[in-house]
$ cat structure-v6.txt   # compact mmCIF, C-alpha atoms
# COMPACT_ATOMS: atom_id res chain seq x y z
CA MET Y 1 14.04 16.56 2.94
CA LEU Y 2 10.60 17.66 1.75
CA ALA Y 3 9.32 17.56 5.32
CA GLY Y 4 12.33 19.63 6.38
CA MET Y 5 11.58 22.25 3.73
CA LEU Y 6 7.92 22.30 4.73
CA CYS Y 7 8.86 22.77 8.36
CA MET Y 8 11.30 25.56 7.51
CA SER Y 9 8.51 27.32 5.61
CA MET Y 10 6.21 27.03 8.62
CA LEU Y 11 8.97 28.32 10.90
CA GLY Y 12 9.41 31.31 8.63
CA ALA Y 13 5.67 31.95 8.74
CA ALA Y 14 5.59 31.65 12.53
CA THR Y 15 8.50 33.96 13.20
CA THR Y 16 7.25 36.46 10.61
CA TYR Y 17 3.84 36.33 12.26
CA TYR Y 18 5.26 37.07 15.74
CA GLY Y 19 6.56 40.56 15.02
CA PRO Y 20 3.47 42.32 13.62
CA THR Y 21 1.09 40.58 16.02
CA LEU Y 22 2.90 41.40 19.25
CA ILE Y 23 1.34 44.87 19.34
CA TYR Y 24 -2.14 43.47 18.71
CA VAL Y 25 -1.67 40.63 21.19
CA ALA Y 26 -0.65 43.17 23.82
CA GLU Y 27 -3.55 45.47 22.96
CA GLU Y 28 -6.30 42.84 22.96
CA PRO Y 29 -6.26 41.92 26.67
CA ARG Y 30 -4.76 45.30 27.68
CA GLN Y 31 -1.39 43.77 28.50
CA SER Y 32 1.95 45.52 28.23
CA LEU Y 33 4.14 44.88 25.23
CA THR Y 34 6.67 43.36 27.64
CA THR Y 35 4.11 40.74 28.70
CA ALA Y 36 3.40 39.93 25.06
CA GLY Y 37 7.15 39.68 24.49
CA SER Y 38 7.00 36.48 26.50
CA VAL Y 39 6.13 34.92 23.14
CA LEU Y 40 9.76 35.31 22.15
CA VAL Y 41 10.97 34.02 25.51
CA LEU Y 42 8.80 30.90 25.23
CA HIS Y 43 10.00 30.36 21.66
CA GLY Y 44 13.60 30.51 22.90
CA LEU Y 45 12.89 28.15 25.80
CA GLY Y 46 11.28 25.67 23.43
CA PHE Y 47 14.33 25.85 21.20
CA PHE Y 48 16.65 25.28 24.17
CA PHE Y 49 14.74 22.29 25.53
CA SER Y 50 14.49 20.72 22.09
CA THR Y 51 18.26 20.53 21.79
CA LEU Y 52 18.27 18.44 24.95
CA THR Y 53 15.72 15.93 23.65
CA ALA Y 54 16.14 15.89 19.85
CA ASN Y 55 18.68 13.07 19.75
CA ARG Y 56 16.47 10.87 21.94
CA LEU Y 57 13.55 11.62 19.63
CA ALA Y 58 15.63 10.70 16.57
CA ARG Y 59 16.77 7.42 18.12
CA ARG Y 60 13.26 6.47 19.14
CA PHE Y 61 11.33 7.43 16.00
CA GLU Y 62 14.12 7.49 13.35
CA MET Y 63 14.86 10.50 11.18
CA ARG Y 64 11.86 10.53 8.86
CA ARG Y 65 9.23 10.06 11.54
CA GLY Y 66 11.07 12.50 13.80
CA THR Y 67 10.91 15.17 11.11
CA ILE Y 68 7.22 14.48 10.54
CA ILE Y 69 6.56 14.80 14.27
CA ASP Y 70 8.55 18.03 14.18
CA CYS Y 71 6.38 19.37 11.35
CA GLY Y 72 3.31 18.53 13.42
CA LEU Y 73 4.70 20.36 16.46
CA VAL Y 74 5.45 23.49 14.47
CA ALA Y 75 2.07 23.40 12.68
CA THR Y 76 0.25 22.93 15.99
CA GLY Y 77 2.19 25.82 17.49
CA VAL Y 78 1.46 28.13 14.56
CA LEU Y 79 -2.25 27.27 14.58
CA GLY Y 80 -2.43 27.68 18.35
CA TYR Y 81 -0.70 31.04 18.19
CA MET Y 82 -3.10 32.26 15.52
CA LEU Y 83 -6.38 30.80 16.81
CA LEU Y 84 -6.28 30.52 20.61
CA PRO Y 85 -7.12 33.40 22.96
CA PHE Y 86 -4.27 35.45 24.44
CA PRO Y 87 -3.11 33.69 27.59
CA VAL Y 88 -3.14 30.28 25.94
CA SER Y 89 -1.83 31.43 22.55
CA ILE Y 90 1.58 32.46 23.84
CA LEU Y 91 2.16 28.94 25.13
CA SER Y 92 2.00 27.81 21.50
CA ALA Y 93 5.23 29.70 20.87
CA PHE Y 94 6.97 27.06 22.99
CA LEU Y 95 5.87 24.38 20.49
CA VAL Y 96 7.15 26.42 17.57
CA GLY Y 97 10.51 26.90 19.27
CA PHE Y 98 10.68 23.25 20.26
CA GLY Y 99 9.96 22.24 16.68
CA ALA Y 100 12.56 24.66 15.35
CA GLY Y 101 15.29 23.32 17.59
CA THR Y 102 14.41 19.71 16.89
CA LEU Y 103 14.40 20.38 13.16
CA GLY Y 104 17.85 21.95 13.39
CA VAL Y 105 19.30 18.95 15.18
CA LEU Y 106 17.58 16.40 12.93
CA LEU Y 107 18.66 18.10 9.72
CA ASN Y 108 22.24 18.34 11.00
CA ARG Y 109 22.14 14.63 11.82
CA LEU Y 110 20.78 13.94 8.35
CA VAL Y 111 23.64 15.82 6.70
CA GLY Y 112 26.04 13.78 8.82
CA LEU Y 113 24.37 10.53 7.78
CA LEU Y 114 24.39 11.49 4.11
CA ALA Y 115 28.06 12.45 4.29
CA GLY Y 116 29.07 8.98 5.47
CA ASP Y 117 32.84 8.86 5.99
CA GLU Y 118 33.31 12.35 4.55
CA ALA Y 119 31.47 14.25 7.31
CA ARG Y 120 34.20 16.87 7.68
CA ALA Y 121 34.10 17.73 3.98
CA ALA Y 122 30.29 17.93 4.02
$ encode --input "structure-v6.txt" --output "structure tokens"
Amino acid sequence: MLAGMLCMSMLGAATTYYGPTLIYVAEEPRQSLTTAGSVLVLHGLGFFFSTLTANRLARRFEMRRGTIIDCGLVATGVLGYMLLPFPVSILSAFLVGFGAGTLGVLLNRLVGLLAGDEARAA
């Protein structure tokens, strides 16, 4: 659960960081704001693809290791978005989105596991 909270904090930082930096990301290489908006598209694509693979990840690495891997993906994405030059940096948004989607699935699975036979009530 601590890893989940850490990852949620990083996700909050990443998505908060997107908004104010889009204008600067677009200005730096003289790109349009629409081109820089691809950050949000890549984030959404990462989220979508993570929902297709999260259960396989959880079965292969188990819940705790899966969440740790997820934290690493989000952290790598946030660092890449902040530190890499423009064309490469927007690809990091895919990692953040992928980590966000995986975290959502893993934490939902965890709630189901903790609920035991009372999953509906939980």
$ residues_around --input "structure-v6.txt" --residues "Gly101 of chain Y" --least-positions-apart "6" --cutoff "6 Å" --atoms "all atoms listed in the file" --output "PyMOL selection string"
chain Y and resi 47+50-51
$ residues_around --input "structure-v6.txt" --residues "segment 72-86 of chain Y" --least-positions-apart "5" --cutoff "8 Å" --atoms "all atoms listed in the file" --output "NGL selection string"
:Y and (7 or 10-11 or 14 or 25 or 28-29 or 91-100)
$ atom_distance --input "structure-v6.txt" --atom1 "atom CA of Thr15 of chain Y" --atom2 "atom CA of Gly44 of chain Y"
11.5 Å
$ residues_near_point --input "structure-v6.txt" --point "(13.1, 9.9, 9.0)" --cutoff "12 Å" --atoms "all atoms listed in the file" --output "PyMOL selection string"
chain Y and resi 1-4+57-71+103+106-107+109-110+113
$ write_last_selection --input "structure-v6.txt" --atoms "C-alpha atoms" --output "PDB file, in the frame of the given file"
ATOM      1  CA  MET Y   1      14.040  16.560   2.940  1.00  0.00           C
ATOM      2  CA  LEU Y   2      10.600  17.660   1.750  1.00  0.00           C
ATOM      3  CA  ALA Y   3       9.320  17.560   5.320  1.00  0.00           C
ATOM      4  CA  GLY Y   4      12.330  19.630   6.380  1.00  0.00           C
ATOM      5  CA  LEU Y  57      13.550  11.620  19.630  1.00  0.00           C
ATOM      6  CA  ALA Y  58      15.630  10.700  16.570  1.00  0.00           C
ATOM      7  CA  ARG Y  59      16.770   7.420  18.120  1.00  0.00           C
ATOM      8  CA  ARG Y  60      13.260   6.470  19.140  1.00  0.00           C
ATOM      9  CA  PHE Y  61      11.330   7.430  16.000  1.00  0.00           C
ATOM     10  CA  GLU Y  62      14.120   7.490  13.350  1.00  0.00           C
ATOM     11  CA  MET Y  63      14.860  10.500  11.180  1.00  0.00           C
ATOM     12  CA  ARG Y  64      11.860  10.530   8.860  1.00  0.00           C
ATOM     13  CA  ARG Y  65       9.230  10.060  11.540  1.00  0.00           C
ATOM     14  CA  GLY Y  66      11.070  12.500  13.800  1.00  0.00           C
ATOM     15  CA  THR Y  67      10.910  15.170  11.110  1.00  0.00           C
ATOM     16  CA  ILE Y  68       7.220  14.480  10.540  1.00  0.00           C
ATOM     17  CA  ILE Y  69       6.560  14.800  14.270  1.00  0.00           C
ATOM     18  CA  ASP Y  70       8.550  18.030  14.180  1.00  0.00           C
ATOM     19  CA  CYS Y  71       6.380  19.370  11.350  1.00  0.00           C
ATOM     20  CA  LEU Y 103      14.400  20.380  13.160  1.00  0.00           C
ATOM     21  CA  LEU Y 106      17.580  16.400  12.930  1.00  0.00           C
ATOM     22  CA  LEU Y 107      18.660  18.100   9.720  1.00  0.00           C
ATOM     23  CA  ARG Y 109      22.140  14.630  11.820  1.00  0.00           C
ATOM     24  CA  LEU Y 110      20.780  13.940   8.350  1.00  0.00           C
ATOM     25  CA  LEU Y 113      24.370  10.530   7.780  1.00  0.00           C
TER      26      LEU Y 113
END
$ atom_distance --input "structure-v6.txt" --atom1 "atom CA of Met5 of chain Y" --atom2 "atom CA of Ala115 of chain Y"
19.2 Å
$ atom_distance --input "structure-v6.txt" --atom1 "atom CA of Ala54 of chain Y" --atom2 "atom CA of Leu42 of chain Y"
17.6 Å
$ closest_residue --input "structure-v6.txt" --among "Y:Pro20, Y:Pro87, Y:Met8, Y:Thr53" --to "Ser38 of chain Y" --atoms "all atoms listed in the file"
Y:Pro87
$ decode --input "structure-v6.txt" --residues "segment 35-65 of chain Y" --atoms "N, CA, C and O atoms" --output "compact mmCIF listing (two decimals), in the first residue's frame"
# COMPACT_ATOMS: atom_id res chain seq x y z
N THR Y 35 0.90 20.10 -31.25
CA THR Y 35 1.96 19.09 -31.28
C THR Y 35 2.37 18.72 -29.86
O THR Y 35 2.55 17.55 -29.55
N ALA Y 36 2.51 19.71 -29.01
CA ALA Y 36 2.88 19.44 -27.62
C ALA Y 36 1.76 18.71 -26.89
O ALA Y 36 2.00 17.98 -25.94
N GLY Y 37 0.52 18.90 -27.34
CA GLY Y 37 -0.61 18.20 -26.74
C GLY Y 37 -0.54 16.70 -26.93
O GLY Y 37 -1.29 15.95 -26.29
N SER Y 38 0.36 16.25 -27.79
CA SER Y 38 0.54 14.81 -27.96
C SER Y 38 1.00 14.16 -26.66
O SER Y 38 0.88 12.95 -26.50
N VAL Y 39 1.51 14.97 -25.73
CA VAL Y 39 1.84 14.45 -24.40
C VAL Y 39 0.61 13.79 -23.78
O VAL Y 39 0.68 12.68 -23.25
N LEU Y 40 -0.51 14.47 -23.86
CA LEU Y 40 -1.73 13.95 -23.27
C LEU Y 40 -2.24 12.72 -24.03
O LEU Y 40 -2.76 11.78 -23.43
N VAL Y 41 -2.06 12.73 -25.34
CA VAL Y 41 -2.46 11.57 -26.15
C VAL Y 41 -1.62 10.36 -25.78
O VAL Y 41 -2.13 9.25 -25.60
N LEU Y 42 -0.31 10.55 -25.67
CA LEU Y 42 0.57 9.43 -25.31
C LEU Y 42 0.27 8.93 -23.90
O LEU Y 42 0.33 7.72 -23.64
N HIS Y 43 -0.04 9.83 -22.99
CA HIS Y 43 -0.41 9.42 -21.64
C HIS Y 43 -1.66 8.53 -21.70
O HIS Y 43 -1.72 7.48 -21.08
N GLY Y 44 -2.65 8.96 -22.47
CA GLY Y 44 -3.88 8.17 -22.61
C GLY Y 44 -3.64 6.83 -23.27
O GLY Y 44 -4.21 5.82 -22.86
N LEU Y 45 -2.78 6.79 -24.29
CA LEU Y 45 -2.45 5.52 -24.94
C LEU Y 45 -1.75 4.57 -23.97
O LEU Y 45 -2.01 3.37 -23.96
N GLY Y 46 -0.83 5.12 -23.19
CA GLY Y 46 -0.15 4.29 -22.18
C GLY Y 46 -1.14 3.70 -21.19
O GLY Y 46 -1.07 2.53 -20.84
N PHE Y 47 -2.09 4.52 -20.77
CA PHE Y 47 -3.12 4.06 -19.84
C PHE Y 47 -3.94 2.94 -20.47
O PHE Y 47 -4.21 1.91 -19.85
N PHE Y 48 -4.33 3.13 -21.72
CA PHE Y 48 -5.14 2.12 -22.42
C PHE Y 48 -4.39 0.80 -22.54
O PHE Y 48 -4.92 -0.26 -22.22
N PHE Y 49 -3.14 0.85 -23.00
CA PHE Y 49 -2.38 -0.39 -23.19
C PHE Y 49 -2.06 -1.07 -21.86
O PHE Y 49 -1.93 -2.29 -21.81
N SER Y 50 -1.95 -0.31 -20.80
CA SER Y 50 -1.66 -0.93 -19.50
C SER Y 50 -2.82 -1.79 -19.03
O SER Y 50 -2.61 -2.82 -18.39
N THR Y 51 -4.04 -1.37 -19.34
CA THR Y 51 -5.18 -2.17 -18.90
C THR Y 51 -5.22 -3.52 -19.61
O THR Y 51 -5.81 -4.47 -19.09
N LEU Y 52 -4.58 -3.60 -20.77
CA LEU Y 52 -4.53 -4.86 -21.49
C LEU Y 52 -3.46 -5.81 -20.93
O LEU Y 52 -3.56 -7.02 -21.12
N THR Y 53 -2.46 -5.26 -20.28
CA THR Y 53 -1.33 -6.09 -19.83
C THR Y 53 -1.18 -6.17 -18.31
O THR Y 53 -0.36 -6.95 -17.83
N ALA Y 54 -1.93 -5.41 -17.55
CA ALA Y 54 -1.73 -5.34 -16.10
C ALA Y 54 -1.97 -6.68 -15.42
O ALA Y 54 -1.22 -7.04 -14.50
N ASN Y 55 -2.98 -7.40 -15.82
CA ASN Y 55 -3.25 -8.69 -15.17
C ASN Y 55 -2.15 -9.70 -15.44
O ASN Y 55 -1.79 -10.48 -14.56
N ARG Y 56 -1.60 -9.68 -16.65
CA ARG Y 56 -0.46 -10.57 -16.95
C ARG Y 56 0.74 -10.20 -16.09
O ARG Y 56 1.45 -11.07 -15.59
N LEU Y 57 0.97 -8.91 -15.93
CA LEU Y 57 2.06 -8.43 -15.09
C LEU Y 57 1.88 -8.89 -13.65
O LEU Y 57 2.81 -9.36 -13.00
N ALA Y 58 0.65 -8.78 -13.15
CA ALA Y 58 0.37 -9.17 -11.76
C ALA Y 58 0.55 -10.67 -11.57
O ALA Y 58 1.04 -11.12 -10.53
N ARG Y 59 0.14 -11.46 -12.55
CA ARG Y 59 0.32 -12.91 -12.43
C ARG Y 59 1.78 -13.30 -12.48
O ARG Y 59 2.22 -14.21 -11.78
N ARG Y 60 2.54 -12.61 -13.29
CA ARG Y 60 3.95 -12.97 -13.45
C ARG Y 60 4.81 -12.52 -12.28
O ARG Y 60 5.68 -13.25 -11.81
N PHE Y 61 4.59 -11.30 -11.79
CA PHE Y 61 5.47 -10.74 -10.76
C PHE Y 61 4.85 -10.67 -9.38
O PHE Y 61 5.52 -10.25 -8.45
N GLU Y 62 3.60 -11.02 -9.22
CA GLU Y 62 2.79 -10.89 -8.01
C GLU Y 62 2.55 -9.42 -7.69
O GLU Y 62 3.14 -8.54 -8.28
N MET Y 63 1.64 -9.18 -6.78
CA MET Y 63 1.14 -7.83 -6.54
C MET Y 63 2.22 -6.85 -6.06
O MET Y 63 2.33 -5.74 -6.57
N ARG Y 64 3.00 -7.25 -5.09
CA ARG Y 64 3.97 -6.32 -4.51
C ARG Y 64 5.03 -5.92 -5.53
O ARG Y 64 5.32 -4.75 -5.73
N ARG Y 65 5.61 -6.92 -6.19
CA ARG Y 65 6.63 -6.60 -7.19
C ARG Y 65 6.03 -5.84 -8.37
O ARG Y 65 6.67 -4.98 -8.95
